[in-house]
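One structure is given below, encoded as structure tokens.
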Amino acid sequence: MHGGAPTGWLLMALCAVSGAYCLLRTRTGTPQERRTARSEALMGFGMAAMAVPAAVLSPPDWAWAVYAVLFGGAALRSLRPALRGGHHRHHLVGSLAMVYMAVAMAPAVTGSGGGGHSGHGAGGIPLLTGALLVYYAFYVLGSAGRLLPVTGTAAIPVGGAGVDGRGAGGFGGGSDGRPELTTACRLTMGIGMFAMLLTL
């Protein structure tokens, strides 16, 4: 990563903790909430693995193909639910962004012999990278706004929907007992994705 090993370790830790929390959420809630939590756990752990500083652990050349196939499968799996809207569309964008980053950081693209992990010389497409950065900037701002306390008549009733029909649990997600933690987890992963895209 451009920020060096400390930045990479911090990003890895944040994404790993987010992934672990999402994994805990897979034990409770409705089947749809558990499915959403599994997708978010996969995203968190995948981002944590990609964020490990290359100076400490340089992944083998084939690792990037594994990332691309893994998140390509996740994108295909979330395609049909994404047509129904809600947070599934964000999962689809996130999975496709992970495929894009894996391909852009692959040694065959960067010519770095496995060093694409560091983010230097990565082979991203500027226009696509810029579009994803804009998406994640708005996503992070929206998620951060949902963490602000709501007072007065704008308060969300128990079991009710938020602004624009969104659930209290986050960006199109349902409430799963601790909506503020779920939103904070999603916010953390959004920031992580934004930071990783900057390295392209």
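Simple scheme: letters A, B, ... for chains in structure tokens order, numbers from 1 for residues in each chain, numbers from 1 for ligands in the order shown.
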Please provide as a list in words all residues within 10 Å of Gly192 of chain A, with the sequence filter that same-chain residues fewer than 4 positions apart are discarded (counting only C-alpha atoms).
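The residues satisfying every condition are Leu10, Leu11, Met12, Leu14, Cys15, Gly44, Met47, Ala48, Ala51, Tyr136, Val140, Arg186, Leu187, Thr188, Met196, Leu197 and Leu198 of chain A.
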Only N, CA and C atoms, please: the residues just picked out, written as a PDB file, in the first residue's frame.
```
ATOM      1  N   LEU A  10      -2.910  -1.686   9.551  1.00  0.00           N
ATOM      2  CA  LEU A  10      -4.120  -1.095  10.123  1.00  0.00           C
ATOM      3  C   LEU A  10      -5.347  -1.475   9.298  1.00  0.00           C
ATOM      4  N   LEU A  11      -5.219  -1.366   7.980  1.00  0.00           N
ATOM      5  CA  LEU A  11      -6.331  -1.722   7.096  1.00  0.00           C
ATOM      6  C   LEU A  11      -6.666  -3.199   7.231  1.00  0.00           C
ATOM      7  N   MET A  12      -5.621  -4.043   7.299  1.00  0.00           N
ATOM      8  CA  MET A  12      -5.844  -5.476   7.455  1.00  0.00           C
ATOM      9  C   MET A  12      -6.589  -5.780   8.760  1.00  0.00           C
ATOM     10  N   LEU A  14      -8.543  -3.738  10.579  1.00  0.00           N
ATOM     11  CA  LEU A  14      -9.919  -3.239  10.536  1.00  0.00           C
ATOM     12  C   LEU A  14     -10.825  -4.171   9.725  1.00  0.00           C
ATOM     13  N   CYS A  15     -10.326  -4.609   8.572  1.00  0.00           N
ATOM     14  CA  CYS A  15     -11.129  -5.486   7.718  1.00  0.00           C
ATOM     15  C   CYS A  15     -11.322  -6.854   8.362  1.00  0.00           C
ATOM     16  N   GLY A  44     -14.962  -8.876   4.093  1.00  0.00           N
ATOM     17  CA  GLY A  44     -14.025  -8.391   5.105  1.00  0.00           C
ATOM     18  C   GLY A  44     -12.740  -9.192   5.128  1.00  0.00           C
ATOM     19  N   MET A  47     -10.691  -8.609   1.891  1.00  0.00           N
ATOM     20  CA  MET A  47      -9.995  -7.321   1.926  1.00  0.00           C
ATOM     21  C   MET A  47      -8.808  -7.370   2.876  1.00  0.00           C
ATOM     22  N   ALA A  48      -8.976  -8.056   4.022  1.00  0.00           N
ATOM     23  CA  ALA A  48      -7.870  -8.179   4.978  1.00  0.00           C
ATOM     24  C   ALA A  48      -6.691  -8.908   4.343  1.00  0.00           C
ATOM     25  N   ALA A  51      -4.851  -6.716   1.930  1.00  0.00           N
ATOM     26  CA  ALA A  51      -4.207  -5.554   2.536  1.00  0.00           C
ATOM     27  C   ALA A  51      -2.910  -5.880   3.265  1.00  0.00           C
ATOM     28  N   TYR A 136     -17.781   4.674  -3.558  1.00  0.00           N
ATOM     29  CA  TYR A 136     -17.454   4.383  -2.158  1.00  0.00           C
ATOM     30  C   TYR A 136     -17.381   5.638  -1.301  1.00  0.00           C
ATOM     31  N   VAL A 140     -19.616   5.735   1.986  1.00  0.00           N
ATOM     32  CA  VAL A 140     -19.041   6.015   3.311  1.00  0.00           C
ATOM     33  C   VAL A 140     -19.759   7.190   3.965  1.00  0.00           C
ATOM     34  N   ARG A 186     -20.077  -1.941   8.161  1.00  0.00           N
ATOM     35  CA  ARG A 186     -20.163  -1.626   6.728  1.00  0.00           C
ATOM     36  C   ARG A 186     -19.389  -0.351   6.392  1.00  0.00           C
ATOM     37  N   LEU A 187     -19.449   0.614   7.298  1.00  0.00           N
ATOM     38  CA  LEU A 187     -18.694   1.853   7.110  1.00  0.00           C
ATOM     39  C   LEU A 187     -17.202   1.564   7.077  1.00  0.00           C
ATOM     40  N   THR A 188     -16.737   0.717   7.987  1.00  0.00           N
ATOM     41  CA  THR A 188     -15.317   0.362   8.035  1.00  0.00           C
ATOM     42  C   THR A 188     -14.871  -0.308   6.745  1.00  0.00           C
ATOM     43  N   MET A 196      -8.108   0.987  -0.538  1.00  0.00           N
ATOM     44  CA  MET A 196      -7.467   0.039  -1.448  1.00  0.00           C
ATOM     45  C   MET A 196      -7.559   0.507  -2.896  1.00  0.00           C
ATOM     46  N   LEU A 197      -8.685   1.095  -3.251  1.00  0.00           N
ATOM     47  CA  LEU A 197      -8.831   1.613  -4.618  1.00  0.00           C
ATOM     48  C   LEU A 197      -7.869   2.757  -4.886  1.00  0.00           C
ATOM     49  N   LEU A 198      -7.549   3.528  -3.851  1.00  0.00           N
ATOM     50  CA  LEU A 198      -6.586   4.627  -4.019  1.00  0.00           C
ATOM     51  C   LEU A 198      -5.223   4.137  -4.441  1.00  0.00           C
TER      52      LEU A 198
END
```
One number please: atom CA of Met101 of chain A to atom CA of Ala68 of chain A, in Å, one decimal.
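If I compute the distance from atom CA of Met101 of chain A to atom CA of Ala68 of chain A, I get 8.4 Å.
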Using only C-alpha atoms, determine which residues lie at most 9 Å from segment 91-97 of chain A, disregarding the query and same-chain residues fewer than 4 positions distant; provide the list as an NGL selection string.
:A and (36 or 39-40 or 43 or 68 or 70-79 or 82 or 87 or 101-102 or 129 or 132 or 190 or 193 or 197)
Proximity to Val52 of chain A - best of A:Ala131, A:Thr7, A:Arg178, A:Leu147, only C-alpha atoms:
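That would be A:Thr7, the residue with the smallest distance to Val52 of chain A.
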Could you pull out the residues in segment 23-156 of chain A that DSSP calls helix (DSSP H, G or I) from the backbone, as a ChimeraX atom specification?
/A:23-25,31-51,63-82,87-105,107-110,115-118,126-147,152-154
Hey, what's within 12 Å of segment 23-28 of chain A if we count only C-alpha atoms and toss same-chain stuff fewer than 5 positions away? As a list of chain:residue names, please?
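The filter keeps A:Ala16, A:Val17, A:Ser18, A:Glu33, A:Arg34, A:Arg35, A:Thr36, A:Ala37, A:Arg38, A:Ser39, A:Glu40, A:Ala41, A:Leu42, A:Met43, A:Gly44, A:Phe45, A:Ser175, A:Asp176, A:Gly177, A:Arg178, A:Pro179, A:Leu181, A:Thr182, A:Cys185.
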What lies within 10 Å of Tyr139 of chain A using only C-alpha atoms, ignoring chain neighbours under 2 positions off, as a list in words?
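Contacts, in chain order: His90, Leu133, Val134, Tyr135, Tyr136, Ala137, Leu141, Gly142, Ser143, Ala144, Gly145, Phe171, Arg186, Leu187, Gly190, Ile191 and Phe194 of chain A.
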Under the rule that only C-alpha atoms are counted, which of A:Pro31, A:Ala106, A:Arg89, A:Arg80 is the nearest residue to Tyr67 of chain A?
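So, comparing all the options, the nearest one is A:Ala106.
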